[in-house]
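For reference, the structure discussed in these notes is given below.
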Amino acid sequence: MSAVIRPATPADAKAMSAIARAAFGEGLEPDPTRLARALSQGLNLVAVSSGRVVGFAGNFLTRSRSGALRFELDLLAVAERARGAGIGAGLVAASVAAAKSSDADMIRALVASQNRAMQRLCRAGGFERDRTRRALYVSDASRGLGAGAAVSFALLKDAHLAPVCTLTYSGIWLEGAISQAAIDEARQRASADDMFRIGAVVPRADARLEALLLSNGFGKAGDFDWWAIRL
Ligand SMILES: CC(C)(COP(=O)(O)OP(=O)(O)OC[C@H]1O[C@@H](n2cnc3c(N)ncnc32)[C@H](O)[C@@H]1OP(=O)(O)O)[C@@H](O)C(=O)NCCC(=O)NCCS
């Protein structure tokens, strides 16, 4: 099966949502305004075969604490009937090309350690796996709210709160030195901006951090790895 890859438009949302639901058990962002915002970021791609959307890549940009621009290959899905024909590889290659023509310093993807198909795609696409093995923790932003006023900037130290507007949710990625103050601040900001998910990717071996996240109502979503290409 051959497919043409092009930028996604709001008109593709229904077909993309059906593919996402089959692949991840969750459709695209249900709020139409937010979905339109995510789709209008211009970096999402669809693969089209015989006039039908058969796969998509959910891409967007974030900034690191030091200001580096990162091209996030956040979601990749191909309809089951179209798999194994190189469409996933085509979407990865097109995402890398889009990243290269952006101002991003790197393209990266967070890949489940069990997801062999995605790992093969990343390796074949020139990505390298980061040596530090990680785990992903997620929390509903509303959990534990009411903890009080926003945290003073000094307490946040080296924590970094990156706002994200993905195809499936709006939220905050907690990065850097994650502390109780950083978690409290992320919740306050998420609540103020009506975002509903907070995520943290932390070294698997960090028992102290795991305990902090679990005690704050985060759940472990699984073992993951960062795969990246420096641009
Ligand atoms: C990952 C995914 C996008 C790949 O799409 P695809 O169109 O089948 O990809 P391609 O045909 O380009 O290549 C798939 C590669 O994975 C391999 N593969 C497929 N299923 C596999 C499996 N279960 N275990 C190991 N490798 C697998 C294929 O052999 C191929 O590798 P090769 O070219 O080295 O032989 C698709 O399987 C999918 O939608 N999965 C569910 C969602 C998902 O896991 N997304 C990634 C994380 S966001």
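FYI, nothing fancy with the structure tokens labels: chains A, B, ... in order, residues from 1 per chain, ligands from 1 as they appear.
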Show me, as a CSV table (one decimal) with N, CA and C atoms, in the first residue's frame, the residues that have an atom within 6 Å of region 128-132 of chain A when counting only C-alpha atoms, minus same-chain residues fewer than 2 positions from it.
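Output file selection28.csv is given in full below:
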```csv
chain,number,residue,atom,x,y,z
A,226,TRP,N,13.7,7.8,25.9
A,226,TRP,CA,13.8,8.8,25.0
A,226,TRP,C,14.7,8.4,23.8
A,227,TRP,N,14.2,8.6,22.6
A,227,TRP,CA,14.9,8.3,21.4
A,227,TRP,C,15.0,9.7,20.7
A,228,ALA,N,16.2,10.1,20.2
A,228,ALA,CA,16.4,11.4,19.7
A,228,ALA,C,17.4,11.5,18.6
```
Dump as a tab-separated table the rows for residues of chain A within 9 Å of ligand 1: closest atom pair and distance in Å with one decimal, only C-alpha atoms and all ligand atoms counted, ordered by chain and rising residue number.
```
residue	atom	partner	partner_atom_place_in_ligand_line	distance
A:Ile19	CA	ligand 1	39 (O)	8.0
A:Ala20	CA	ligand 1	42 (C)	7.7
A:Ala22	CA	ligand 1	41 (C)	8.2
A:Ala23	CA	ligand 1	41 (C)	4.6
A:Phe24	CA	ligand 1	42 (C)	6.3
A:Val54	CA	ligand 1	7 (O)	9.0
A:Gly55	CA	ligand 1	39 (O)	7.4
A:Phe56	CA	ligand 1	3 (C)	8.3
A:Ala57	CA	ligand 1	48 (S)	8.4
A:Gly58	CA	ligand 1	48 (S)	8.6
A:Leu73	CA	ligand 1	48 (S)	8.2
A:Asp74	CA	ligand 1	48 (S)	6.3
A:Leu75	CA	ligand 1	48 (S)	4.0
A:Leu76	CA	ligand 1	48 (S)	4.5
A:Ala77	CA	ligand 1	39 (O)	3.4
A:Val78	CA	ligand 1	39 (O)	3.9
A:Ala79	CA	ligand 1	39 (O)	6.2
A:Glu80	CA	ligand 1	39 (O)	6.9
A:Ala82	CA	ligand 1	7 (O)	6.3
A:Arg83	CA	ligand 1	8 (O)	3.4
A:Gly84	CA	ligand 1	11 (O)	3.2
A:Ala85	CA	ligand 1	11 (O)	4.1
A:Gly86	CA	ligand 1	12 (O)	3.1
A:Ile87	CA	ligand 1	7 (O)	4.0
A:Gly88	CA	ligand 1	9 (O)	3.6
A:Ala89	CA	ligand 1	12 (O)	3.7
A:Gly90	CA	ligand 1	12 (O)	6.4
A:Leu91	CA	ligand 1	12 (O)	8.0
A:Val92	CA	ligand 1	12 (O)	8.4
A:Ala109	CA	ligand 1	48 (S)	8.1
A:Leu110	CA	ligand 1	48 (S)	7.8
A:Val111	CA	ligand 1	47 (C)	6.0
A:Ala112	CA	ligand 1	47 (C)	7.1
A:Gln114	CA	ligand 1	24 (N)	9.0
A:Asn115	CA	ligand 1	44 (O)	6.2
A:Arg116	CA	ligand 1	25 (C)	4.3
A:Ala117	CA	ligand 1	16 (O)	3.6
A:Met118	CA	ligand 1	1 (C)	4.6
A:Gln119	CA	ligand 1	16 (O)	7.7
A:Arg120	CA	ligand 1	31 (O)	5.5
A:Leu121	CA	ligand 1	15 (C)	5.6
A:Arg123	CA	ligand 1	34 (O)	8.9
A:Ala124	CA	ligand 1	34 (O)	7.1
```
Per DSSP on the backbone, filter region 50-129 of chain A down to the residues in helix (DSSP H, G or I) and report them as a list in words.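 So, restricting region 50-129 of chain A to helix (DSSP H, G or I), we get Glu80, Arg81, Ala82, Ile87, Gly88, Ala89, Gly90, Leu91, Val92, Ala93, Ala94, Ser95, Val96, Ala97, Ala98, Ala99, Lys100, Arg116, Ala117, Met118, Gln119, Arg120, Leu121, Cys122, Arg123 and Ala124 of chain A.
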Could you please take those selected residues and save N, CA and C atoms as a PDB file, in the first residue's frame?
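File out19.pdb, as written:
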```pdb
ATOM      1  N   GLU A  80      -4.722  -0.491  11.409  1.00  0.00           N
ATOM      2  CA  GLU A  80      -4.223  -1.872  11.423  1.00  0.00           C
ATOM      3  C   GLU A  80      -4.108  -2.481  10.024  1.00  0.00           C
ATOM      4  N   ARG A  81      -5.118  -2.225   9.191  1.00  0.00           N
ATOM      5  CA  ARG A  81      -5.115  -2.834   7.849  1.00  0.00           C
ATOM      6  C   ARG A  81      -3.979  -2.296   6.978  1.00  0.00           C
ATOM      7  N   ALA A  82      -3.389  -1.163   7.381  1.00  0.00           N
ATOM      8  CA  ALA A  82      -2.347  -0.536   6.549  1.00  0.00           C
ATOM      9  C   ALA A  82      -0.944  -0.745   7.116  1.00  0.00           C
ATOM     10  N   ILE A  87       4.365   2.652   5.995  1.00  0.00           N
ATOM     11  CA  ILE A  87       3.710   3.952   6.221  1.00  0.00           C
ATOM     12  C   ILE A  87       4.224   4.591   7.518  1.00  0.00           C
ATOM     13  N   GLY A  88       4.407   3.766   8.552  1.00  0.00           N
ATOM     14  CA  GLY A  88       4.980   4.285   9.801  1.00  0.00           C
ATOM     15  C   GLY A  88       6.355   4.884   9.544  1.00  0.00           C
ATOM     16  N   ALA A  89       7.182   4.170   8.785  1.00  0.00           N
ATOM     17  CA  ALA A  89       8.530   4.664   8.471  1.00  0.00           C
ATOM     18  C   ALA A  89       8.448   5.974   7.690  1.00  0.00           C
ATOM     19  N   GLY A  90       7.476   6.046   6.775  1.00  0.00           N
ATOM     20  CA  GLY A  90       7.298   7.278   5.986  1.00  0.00           C
ATOM     21  C   GLY A  90       6.919   8.455   6.870  1.00  0.00           C
ATOM     22  N   LEU A  91       6.059   8.213   7.849  1.00  0.00           N
ATOM     23  CA  LEU A  91       5.646   9.299   8.762  1.00  0.00           C
ATOM     24  C   LEU A  91       6.812   9.743   9.647  1.00  0.00           C
ATOM     25  N   VAL A  92       7.643   8.775  10.061  1.00  0.00           N
ATOM     26  CA  VAL A  92       8.821   9.137  10.868  1.00  0.00           C
ATOM     27  C   VAL A  92       9.787   9.984  10.018  1.00  0.00           C
ATOM     28  N   ALA A  93      10.038   9.524   8.782  1.00  0.00           N
ATOM     29  CA  ALA A  93      10.975  10.259   7.907  1.00  0.00           C
ATOM     30  C   ALA A  93      10.447  11.667   7.624  1.00  0.00           C
ATOM     31  N   ALA A  94       9.133  11.789   7.405  1.00  0.00           N
ATOM     32  CA  ALA A  94       8.560  13.120   7.119  1.00  0.00           C
ATOM     33  C   ALA A  94       8.635  14.012   8.359  1.00  0.00           C
ATOM     34  N   SER A  95       8.496  13.407   9.540  1.00  0.00           N
ATOM     35  CA  SER A  95       8.605  14.195  10.777  1.00  0.00           C
ATOM     36  C   SER A  95      10.041  14.686  10.961  1.00  0.00           C
ATOM     37  N   VAL A  96      11.014  13.807  10.655  1.00  0.00           N
ATOM     38  CA  VAL A  96      12.425  14.220  10.763  1.00  0.00           C
ATOM     39  C   VAL A  96      12.708  15.358   9.782  1.00  0.00           C
ATOM     40  N   ALA A  97      12.160  15.242   8.567  1.00  0.00           N
ATOM     41  CA  ALA A  97      12.377  16.299   7.570  1.00  0.00           C
ATOM     42  C   ALA A  97      11.764  17.614   8.062  1.00  0.00           C
ATOM     43  N   ALA A  98      10.563  17.535   8.652  1.00  0.00           N
ATOM     44  CA  ALA A  98       9.907  18.752   9.168  1.00  0.00           C
ATOM     45  C   ALA A  98      10.734  19.346  10.306  1.00  0.00           C
ATOM     46  N   ALA A  99      11.285  18.476  11.156  1.00  0.00           N
ATOM     47  CA  ALA A  99      12.107  18.965  12.269  1.00  0.00           C
ATOM     48  C   ALA A  99      13.346  19.683  11.741  1.00  0.00           C
ATOM     49  N   LYS A 100      13.943  19.102  10.684  1.00  0.00           N
ATOM     50  CA  LYS A 100      15.168  19.700  10.124  1.00  0.00           C
ATOM     51  C   LYS A 100      14.877  21.061   9.526  1.00  0.00           C
ATOM     52  N   ARG A 116       8.310  -2.755  20.367  1.00  0.00           N
ATOM     53  CA  ARG A 116       9.379  -3.130  19.428  1.00  0.00           C
ATOM     54  C   ARG A 116       9.206  -2.470  18.058  1.00  0.00           C
ATOM     55  N   ALA A 117       7.957  -2.393  17.574  1.00  0.00           N
ATOM     56  CA  ALA A 117       7.733  -1.821  16.237  1.00  0.00           C
ATOM     57  C   ALA A 117       8.222  -0.360  16.206  1.00  0.00           C
ATOM     58  N   MET A 118       7.862   0.418  17.240  1.00  0.00           N
ATOM     59  CA  MET A 118       8.267   1.834  17.263  1.00  0.00           C
ATOM     60  C   MET A 118       9.780   1.960  17.437  1.00  0.00           C
ATOM     61  N   GLN A 119      10.363   1.055  18.222  1.00  0.00           N
ATOM     62  CA  GLN A 119      11.821   1.100  18.391  1.00  0.00           C
ATOM     63  C   GLN A 119      12.530   0.830  17.069  1.00  0.00           C
ATOM     64  N   ARG A 120      12.023  -0.138  16.304  1.00  0.00           N
ATOM     65  CA  ARG A 120      12.637  -0.441  14.995  1.00  0.00           C
ATOM     66  C   ARG A 120      12.535   0.771  14.081  1.00  0.00           C
ATOM     67  N   LEU A 121      11.360   1.404  14.123  1.00  0.00           N
ATOM     68  CA  LEU A 121      11.164   2.588  13.279  1.00  0.00           C
ATOM     69  C   LEU A 121      12.138   3.695  13.669  1.00  0.00           C
ATOM     70  N   CYS A 122      12.298   3.914  14.977  1.00  0.00           N
ATOM     71  CA  CYS A 122      13.202   4.975  15.427  1.00  0.00           C
ATOM     72  C   CYS A 122      14.637   4.671  15.007  1.00  0.00           C
ATOM     73  N   ARG A 123      15.057   3.443  15.255  1.00  0.00           N
ATOM     74  CA  ARG A 123      16.446   3.093  14.924  1.00  0.00           C
ATOM     75  C   ARG A 123      16.680   3.263  13.432  1.00  0.00           C
ATOM     76  N   ALA A 124      15.726   2.738  12.623  1.00  0.00           N
ATOM     77  CA  ALA A 124      15.873   2.842  11.168  1.00  0.00           C
ATOM     78  C   ALA A 124      15.838   4.302  10.710  1.00  0.00           C
TER      79      ALA A 124
END
```
Which of these residues is nearest to Asp194 (chain A), using only C-alpha atoms: A:Arg34, A:Arg52, A:Arg133, A:Lys157?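 Nearest candidate to Asp194 (chain A) out of A:Arg34, A:Arg52, A:Arg133, A:Lys157: A:Arg34.
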Could you tell me how far CA of Val202 (chain A) lies from CA of Leu136 (chain A), in Å and to one decimal?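 Between CA of Val202 (chain A) and CA of Leu136 (chain A) the gap works out to 6.5 Å.
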Using only C-alpha atoms, which residues sit within 6 Å of Asp223 (chain A) once same-chain residues fewer than 6 positions away are excluded, as a PyMOL selection string? chain A and resi 112-113+134-135
Using DSSP on the backbone, list every residue of region 10-182 of chain A that comes out as strand (DSSP E or B), and give them as number ranges by chain. A: 45-49, 52-63, 69-78, 106-112, 128-129, 134-140, 159-165, 170-176
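Ranking A:Met16, A:Met195, A:Ala36, A:Ala47 by their shortest atom-to-atom distance to Ser139 (chain A), with only C-alpha atoms included, puts A:Met195 first.
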To one decimal in Å, tell me the separation between CA of Phe218 (chain A) and CA of Arg197 (chain A).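 Answer for the CA of Phe218 (chain A) to CA of Arg197 (chain A) separation: 10.1 Å.
Residue nearest Gly27 (chain A) within the list A:Val201, A:Ala15, A:Ala190, A:Leu174: A:Ala15 [criterion: smallest interatomic distance, only C-alpha atoms].
Here the question is which of A:Ser66, A:Ser191, A:Asn44, A:Asn216 gets nearest to Asp158 (chain A) using only C-alpha atoms, and that residue is A:Ser66.
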Which residue is closest to Phe196 (chain A)? Choose from A:Thr33, A:Gln41, A:Thr166, A:Ser64 and count only C-alpha atoms.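 For Phe196 (chain A), the nearest of the given residues is A:Thr166.
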